[in-house]
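For reference, the structure is listed below as structure tokens.
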Amino acid sequence: MNFYIKIISLENLFTAWEEFIKGKRKRKDIAEFSEDLSSNVYSLHLDLLNKTYWHDGYHAFNISDPKPRNIHKATVRDRLLHHAVYRVLYPYFDKKFIHDSYSCRLNKGTHRAMERFKSAKSGKGLPLGNLTSQLLVNIYMNEFDQYIKHNLKVKYYIRYADDFVITMIYRSELENLLPELRNFLKERLKLSLHPDKVFIKTLASGIDFLGWVHFPDHRVLRTTTKRRMVKNLSKNYSQETIALYHGLLKHGNTYKLREKIRNLY
């Protein structure tokens with residue numbers, strides 16, 4: 001299959017546009033691009049066909065959620081191409097990934113990852129903004145996933161983007177595993193484990209993973225996440241926000257927090 005020809009086809013570009021603008025139609029940059037949609041899409045198609053396409057710069061802005069972050073946003077034209085690339089390459093690569101890779105994949109996500117983590121207890125564990133970046137992270141990290149599952153034979157390994165957890169019966173097993181993980185990441189992928197974010201903990205003491213602290217028989221929301229939630233509600237209260245948070249909170253033991261929100265708002 002010639003992926004490039006399929007990606008740059010007008011059919012794929014227009015289909016990618018319809019998928020890309022879902023929930024975004026009222027945004028200023030989307031509306032401006034859509035005013036002359038046919039011409040804009042055809043111009044992109046010709047640049048790609050003639051191989052004269054050049055990715056524009058990024059619009060930079062800052063957010064604090066919860067810590068300060070510098071965000072870079074691509075133009076609508078470039079984000080349309082990201083979506084066109086993604087929708088062609090995703091089906092090809094997704095079937096090559098391991099089952100326990102959960103970020104940015106259909107029928108996966110954070111809640112599925114947490115449920116998998118729950119079933120994996122006590123022995124019976126990059127630029128991400130662009131859609132293409134999310135796929136490329138999974139492609140790049142797939143070699144690490146395969147190494148852990150097939151070379152090291154680790155049974156309980158779960159990865160979401162650049163966060164991963166491994167559960168084993170004995171602490172010594174994890175201690176012996178760490179040097180092998182560090183070496184593989186350094187030699188094969190030119191990556192390193194964050195020096196302040198590698199922990200070996202018992203499930204009884206709680207494992208922090210994907211915004212929740214997991215225990216053998218329940219999970220609770222991370223303290224910083226709870227504080228941020230209450231702070232956000234105090235600044236931007238609406239029924240939609242309340243519904244969004246209640247949808248999140250139903251995935252853990254959060255009765256007291258839900259009652260607090262109900263009483264306050």
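A note on labels: chains of the structure tokens are A, B, ... as shown, every chain counts residues from 1, and ligands are counted from 1 in their shown order.
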field: Spatial neighbours of segment 196-203 of chain A, 12 Å, only C-alpha atoms, chain gap at least 6 places, as a PyMOL selection string
entry: chain A and resi 117-118+120-123+125+162-178+181-182+209+213-219
Take the residues from that selection and write them out as an mmCIF file, in the first residue's frame, keeping N, CA and C atoms.
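Dumped everything to result-v9.cif:
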data_model
loop_
_atom_site.group_PDB
_atom_site.id
_atom_site.type_symbol
_atom_site.label_atom_id
_atom_site.label_comp_id
_atom_site.auth_asym_id
_atom_site.auth_seq_id
_atom_site.Cartn_x
_atom_site.Cartn_y
_atom_site.Cartn_z
ATOM 1 N N PHE A 117 -5.098 -2.349 35.500
ATOM 2 C CA PHE A 117 -4.190 -2.295 36.647
ATOM 3 C C PHE A 117 -4.824 -2.981 37.853
ATOM 4 N N LYS A 118 -6.110 -2.764 38.036
ATOM 5 C CA LYS A 118 -6.820 -3.390 39.149
ATOM 6 C C LYS A 118 -6.762 -4.907 39.052
ATOM 7 N N ALA A 120 -4.408 -6.570 37.674
ATOM 8 C CA ALA A 120 -3.018 -7.037 37.641
ATOM 9 C C ALA A 120 -2.350 -6.989 39.008
ATOM 10 N N LYS A 121 -3.057 -6.780 40.144
ATOM 11 C CA LYS A 121 -2.478 -6.652 41.491
ATOM 12 C C LYS A 121 -2.164 -8.039 42.123
ATOM 13 N N SER A 122 -0.883 -7.692 43.070
ATOM 14 C CA SER A 122 -0.296 -8.482 44.169
ATOM 15 C C SER A 122 -0.029 -9.923 43.823
ATOM 16 N N GLY A 123 0.359 -10.272 42.569
ATOM 17 C CA GLY A 123 0.849 -11.590 42.156
ATOM 18 C C GLY A 123 -0.236 -12.583 41.905
ATOM 19 N N GLY A 125 1.842 -2.413 37.413
ATOM 20 C CA GLY A 125 2.062 -2.368 37.386
ATOM 21 C C GLY A 125 2.527 -1.083 36.417
ATOM 22 N N ASP A 162 3.747 8.168 28.355
ATOM 23 C CA ASP A 162 5.079 7.933 28.916
ATOM 24 C C ASP A 162 5.027 7.485 30.363
ATOM 25 N N ASP A 163 3.856 7.096 30.857
ATOM 26 C CA ASP A 163 3.716 6.524 32.196
ATOM 27 C C ASP A 163 3.534 5.023 32.070
ATOM 28 N N PHE A 164 4.242 4.268 32.886
ATOM 29 C CA PHE A 164 4.007 2.829 32.878
ATOM 30 C C PHE A 164 4.195 2.265 34.276
ATOM 31 N N VAL A 165 3.559 1.129 34.499
ATOM 32 C CA VAL A 165 3.620 0.471 35.792
ATOM 33 C C VAL A 165 3.833 -1.020 35.578
ATOM 34 N N ILE A 166 4.642 -1.611 36.444
ATOM 35 C CA ILE A 166 4.915 -3.049 36.419
ATOM 36 C C ILE A 166 4.624 -3.592 37.812
ATOM 37 N N THR A 167 3.888 -4.684 37.898
ATOM 38 C CA THR A 167 3.628 -5.309 39.190
ATOM 39 C C THR A 167 4.253 -6.693 39.226
ATOM 40 N N MET A 168 4.935 -6.963 40.331
ATOM 41 C CA MET A 168 5.561 -8.265 40.565
ATOM 42 C C MET A 168 5.399 -8.633 42.039
ATOM 43 N N ILE A 169 5.633 -9.883 42.344
ATOM 44 C CA ILE A 169 5.431 -10.352 43.712
ATOM 45 C C ILE A 169 6.524 -9.835 44.634
ATOM 46 N N TYR A 170 7.782 -9.896 44.191
ATOM 47 C CA TYR A 170 8.900 -9.574 45.062
ATOM 48 C C TYR A 170 9.594 -8.279 44.657
ATOM 49 N N ARG A 171 9.961 -7.487 45.653
ATOM 50 C CA ARG A 171 10.669 -6.237 45.406
ATOM 51 C C ARG A 171 11.978 -6.484 44.658
ATOM 52 N N SER A 172 12.669 -7.580 45.008
ATOM 53 C CA SER A 172 13.953 -7.879 44.375
ATOM 54 C C SER A 172 13.818 -8.060 42.872
ATOM 55 N N GLU A 173 12.661 -8.577 42.411
ATOM 56 C CA GLU A 173 12.438 -8.748 40.977
ATOM 57 C C GLU A 173 12.432 -7.403 40.267
ATOM 58 N N LEU A 174 11.772 -6.425 40.876
ATOM 59 C CA LEU A 174 11.713 -5.091 40.292
ATOM 60 C C LEU A 174 13.072 -4.404 40.334
ATOM 61 N N GLU A 175 13.794 -4.579 41.428
ATOM 62 C CA GLU A 175 15.123 -3.979 41.546
ATOM 63 C C GLU A 175 16.071 -4.529 40.490
ATOM 64 N N ASN A 176 15.963 -5.821 40.206
ATOM 65 C CA ASN A 176 16.810 -6.433 39.178
ATOM 66 C C ASN A 176 16.392 -6.004 37.766
ATOM 67 N N LEU A 177 15.113 -5.664 37.630
ATOM 68 C CA LEU A 177 14.589 -5.276 36.317
ATOM 69 C C LEU A 177 14.995 -3.858 35.916
ATOM 70 N N LEU A 178 15.109 -2.969 36.889
ATOM 71 C CA LEU A 178 15.357 -1.556 36.599
ATOM 72 C C LEU A 178 16.592 -1.302 35.733
ATOM 73 N N LEU A 181 15.825 -2.084 32.135
ATOM 74 C CA LEU A 181 14.951 -1.086 31.512
ATOM 75 C C LEU A 181 15.731 0.171 31.157
ATOM 76 N N ARG A 182 16.555 0.627 32.081
ATOM 77 C CA ARG A 182 17.356 1.838 31.842
ATOM 78 C C ARG A 182 18.297 1.643 30.647
ATOM 79 N N PHE A 209 -1.101 6.295 39.847
ATOM 80 C CA PHE A 209 -1.081 5.984 38.423
ATOM 81 C C PHE A 209 -2.291 6.618 37.744
ATOM 82 N N VAL A 213 -4.818 7.116 43.146
ATOM 83 C CA VAL A 213 -3.960 6.310 44.020
ATOM 84 C C VAL A 213 -4.663 4.978 44.221
ATOM 85 N N HIS A 214 -4.012 3.905 43.777
ATOM 86 C CA HIS A 214 -4.619 2.577 43.745
ATOM 87 C C HIS A 214 -4.192 1.743 44.942
ATOM 88 N N PHE A 215 -5.176 1.114 45.597
ATOM 89 C CA PHE A 215 -4.960 0.197 46.710
ATOM 90 C C PHE A 215 -5.488 -1.179 46.311
ATOM 91 N N PRO A 216 -5.248 -2.208 47.117
ATOM 92 C CA PRO A 216 -5.674 -3.553 46.709
ATOM 93 C C PRO A 216 -7.155 -3.682 46.387
ATOM 94 N N ASP A 217 -8.028 -2.964 47.127
ATOM 95 C CA ASP A 217 -9.462 -3.147 46.914
ATOM 96 C C ASP A 217 -10.215 -1.873 46.576
ATOM 97 N N HIS A 218 -9.508 -0.768 46.340
ATOM 98 C CA HIS A 218 -10.181 0.470 45.966
ATOM 99 C C HIS A 218 -9.170 1.460 45.414
ATOM 100 N N ARG A 219 -9.676 2.576 44.873
ATOM 101 C CA ARG A 219 -8.810 3.659 44.401
ATOM 102 C C ARG A 219 -9.409 4.994 44.815
#
At a cut-off of 9 Å, using only C-alpha atoms, what residues contact His55 of chain A? Leave out same-chain residues fewer than 3 positions from it and give the result as an mmCIF file with C-alpha atoms, in the first residue's frame.
data_model
loop_
_atom_site.group_PDB
_atom_site.id
_atom_site.type_symbol
_atom_site.label_atom_id
_atom_site.label_comp_id
_atom_site.auth_asym_id
_atom_site.auth_seq_id
_atom_site.Cartn_x
_atom_site.Cartn_y
_atom_site.Cartn_z
ATOM 1 C CA ALA A 74 -0.258 24.169 15.181
ATOM 2 C CA THR A 75 -2.293 25.961 12.497
ATOM 3 C CA ARG A 77 -3.987 23.575 7.987
ATOM 4 C CA ASP A 78 -1.278 21.588 9.712
#
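Atom pair atom CA of Ser38 of chain A / atom CA of Glu18 of chain A: separated by 12.6 Å.
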Atom CA of Ser133 of chain A to atom CA of Glu240 of chain A, distance in Å rounded to a single decimal: 29.4 Å
- request: Counting only C-alpha atoms, figure out which residue out of A:Ile8, A:Leu49, A:Leu221, A:Ile139 gets nearest to Lys96 of chain A.
  value: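 Of A:Ile8, A:Leu49, A:Leu221, A:Ile139, the one nearest Lys96 of chain A, counting only C-alpha atoms, is A:Ile139.
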